[in-house]
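model_33.cif follows (mmCIF, C-alpha atoms, pLDDT in the B column; chains and numbers go by the auth columns):
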```cif
data_entry
loop_
_atom_site.group_PDB
_atom_site.id
_atom_site.type_symbol
_atom_site.label_atom_id
_atom_site.label_comp_id
_atom_site.label_asym_id
_atom_site.label_seq_id
_atom_site.Cartn_x
_atom_site.Cartn_y
_atom_site.Cartn_z
_atom_site.B_iso_or_equiv
_atom_site.auth_seq_id
_atom_site.auth_asym_id
ATOM 1 C CA MET A 1 0.000 0.000 0.000 57.00 1 A
ATOM 2 C CA GLN A 2 1.255 3.438 -0.839 78.00 2 A
ATOM 3 C CA ALA A 3 -0.338 5.866 1.599 81.00 3 A
ATOM 4 C CA VAL A 4 1.827 8.708 0.295 81.00 4 A
ATOM 5 C CA ASN A 5 0.294 8.416 -3.196 84.00 5 A
ATOM 6 C CA ALA A 6 -2.370 11.156 -3.259 88.00 6 A
ATOM 7 C CA ASN A 7 -3.509 10.039 -6.726 90.00 7 A
ATOM 8 C CA SER A 8 -4.211 6.421 -5.777 91.00 8 A
ATOM 9 C CA ASP A 9 -7.696 5.036 -6.400 92.00 9 A
ATOM 10 C CA ASP A 10 -7.082 2.052 -4.069 91.00 10 A
ATOM 11 C CA PRO A 11 -9.822 2.104 -1.375 93.00 11 A
ATOM 12 C CA LYS A 12 -7.265 1.058 1.269 89.00 12 A
ATOM 13 C CA VAL A 13 -5.012 4.003 0.448 88.00 13 A
ATOM 14 C CA ILE A 14 -7.968 6.403 0.378 92.00 14 A
ATOM 15 C CA GLY A 15 -9.097 5.138 3.798 93.00 15 A
ATOM 16 C CA VAL A 16 -5.657 5.418 5.371 91.00 16 A
ATOM 17 C CA ARG A 17 -5.205 8.924 3.957 92.00 17 A
ATOM 18 C CA ALA A 18 -8.632 9.947 5.340 94.00 18 A
ATOM 19 C CA PHE A 19 -7.600 8.613 8.754 94.00 19 A
ATOM 20 C CA TYR A 20 -4.346 10.598 8.613 93.00 20 A
ATOM 21 C CA ASP A 21 -6.296 13.720 7.640 93.00 21 A
ATOM 22 C CA MET A 22 -8.655 13.220 10.604 94.00 22 A
ATOM 23 C CA LEU A 23 -5.691 12.947 12.966 94.00 23 A
ATOM 24 C CA ALA A 24 -4.076 16.038 11.466 93.00 24 A
ATOM 25 C CA ALA A 25 -7.284 18.034 11.963 95.00 25 A
ATOM 26 C CA GLU A 26 -7.597 17.061 15.650 94.00 26 A
ATOM 27 C CA PRO A 27 -5.687 19.654 17.698 93.00 27 A
ATOM 28 C CA ARG A 28 -5.624 17.448 20.821 94.00 28 A
ATOM 29 C CA ILE A 29 -3.629 14.681 19.133 94.00 29 A
ATOM 30 C CA ASP A 30 0.029 14.595 18.167 95.00 30 A
ATOM 31 C CA ALA A 31 0.713 11.659 15.856 95.00 31 A
ATOM 32 C CA THR A 32 3.223 10.238 13.443 94.00 32 A
ATOM 33 C CA ALA A 33 3.094 7.443 10.881 92.00 33 A
ATOM 34 C CA ILE A 34 5.922 4.917 10.978 92.00 34 A
ATOM 35 C CA GLN A 35 6.780 2.861 7.896 87.00 35 A
ATOM 36 C CA THR A 36 8.102 -0.646 8.493 89.00 36 A
ATOM 37 C CA VAL A 37 9.547 -3.230 6.119 88.00 37 A
ATOM 38 C CA GLY A 38 9.469 -6.934 6.867 84.00 38 A
ATOM 39 C CA ALA A 39 8.835 -10.382 5.455 85.00 39 A
ATOM 40 C CA LYS A 40 5.375 -9.393 4.208 78.00 40 A
ATOM 41 C CA GLY A 41 6.653 -6.261 2.499 80.00 41 A
ATOM 42 C CA TYR A 42 5.936 -2.647 3.369 79.00 42 A
ATOM 43 C CA ASP A 43 3.687 -1.954 6.316 85.00 43 A
ATOM 44 C CA GLY A 44 3.393 0.617 9.046 88.00 44 A
ATOM 45 C CA PHE A 45 1.493 2.019 11.975 92.00 45 A
ATOM 46 C CA VAL A 46 0.422 5.304 13.511 94.00 46 A
ATOM 47 C CA LEU A 47 1.482 6.333 16.989 95.00 47 A
ATOM 48 C CA GLY A 48 -0.498 9.120 18.603 95.00 48 A
ATOM 49 C CA ILE A 49 -0.816 10.813 21.940 95.00 49 A
ATOM 50 C CA VAL A 50 -3.771 12.826 23.203 94.00 50 A
ATOM 51 C CA ASN A 51 -2.516 16.106 24.588 91.00 51 A
ATOM 52 C CA GLY A 52 -5.854 17.905 25.130 75.00 52 A
ATOM 53 C CA GLU A 53 -8.341 18.001 27.950 66.00 53 A
ATOM 54 C CA GLU A 54 -9.900 14.710 28.974 60.00 54 A
ATOM 55 C CA GLY A 55 -13.521 14.212 27.943 57.00 55 A
ATOM 56 C CA MET A 56 -13.570 16.945 25.306 57.00 56 A
ATOM 57 C CA MET A 57 -14.757 15.414 22.036 58.00 57 A
ATOM 58 C CA ASN A 58 -16.107 16.902 18.788 60.00 58 A
ATOM 59 C CA GLY A 59 -16.211 20.503 19.950 60.00 59 A
ATOM 60 C CA GLU A 60 -17.995 19.785 23.240 61.00 60 A
ATOM 61 C CA GLU A 61 -17.363 22.267 25.994 57.00 61 A
ATOM 62 C CA GLY A 62 -16.706 21.117 29.529 50.00 62 A
#
```

For this file, write the structure as structure tokens.
Amino acid sequence: MQAVNANSDDPKVIGVRAFYDMLAAEPRIDATAIQTVGAKGYDGFVLGIVNGEEGMMNGEEG
């Protein structure tokens, strides 16, 4: 899978890119995507940390 390919029409790539965009738009989360290479080829994962106030979701005020 080539998540960096913005022109891909692969549903898996589109889904992963949408997920990355959602993370990027969330100000309470700092995240990074890590690419790995192993026996099954290219793979990867996202590591994120919530740095905002607990219980605050989707614009809710506390």

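Here the PyMOL selection byres ((chain A and resi 40-49) around 9) captures the residues Met1, Gln2, Tyr20, Leu23, Arg28, Ile29, Asp30, Ala31, Thr32, Ala33, Ile34, Gln35, Thr36, Val37, Gly38, Ala39, Val50 and Asn51 of chain A.
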
Export, as a compact mmCIF listing (two decimals), in the coordinates of the input, the selected residues with C-alpha atoms.
```
# COMPACT_ATOMS: atom_id res chain seq x y z
CA MET A 1 0.00 0.00 0.00
CA GLN A 2 1.25 3.44 -0.84
CA TYR A 20 -4.35 10.60 8.61
CA LEU A 23 -5.69 12.95 12.97
CA ARG A 28 -5.62 17.45 20.82
CA ILE A 29 -3.63 14.68 19.13
CA ASP A 30 0.03 14.60 18.17
CA ALA A 31 0.71 11.66 15.86
CA THR A 32 3.22 10.24 13.44
CA ALA A 33 3.09 7.44 10.88
CA ILE A 34 5.92 4.92 10.98
CA GLN A 35 6.78 2.86 7.90
CA THR A 36 8.10 -0.65 8.49
CA VAL A 37 9.55 -3.23 6.12
CA GLY A 38 9.47 -6.93 6.87
CA ALA A 39 8.84 -10.38 5.46
CA VAL A 50 -3.77 12.83 23.20
CA ASN A 51 -2.52 16.11 24.59
```

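Reported to one decimal place, the separation of atom CA of Asn5 of chain A from atom CA of Glu26 of chain A is 22.2 Å.
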
Work out how far atom CA of Asn7 of chain A is from atom CA of Phe19 of chain A, in Å to one decimal. 16.1 Å

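In this model, the gap between atom CA of Ala25 of chain A and atom CA of Val4 of chain A comes to 17.5 Å.
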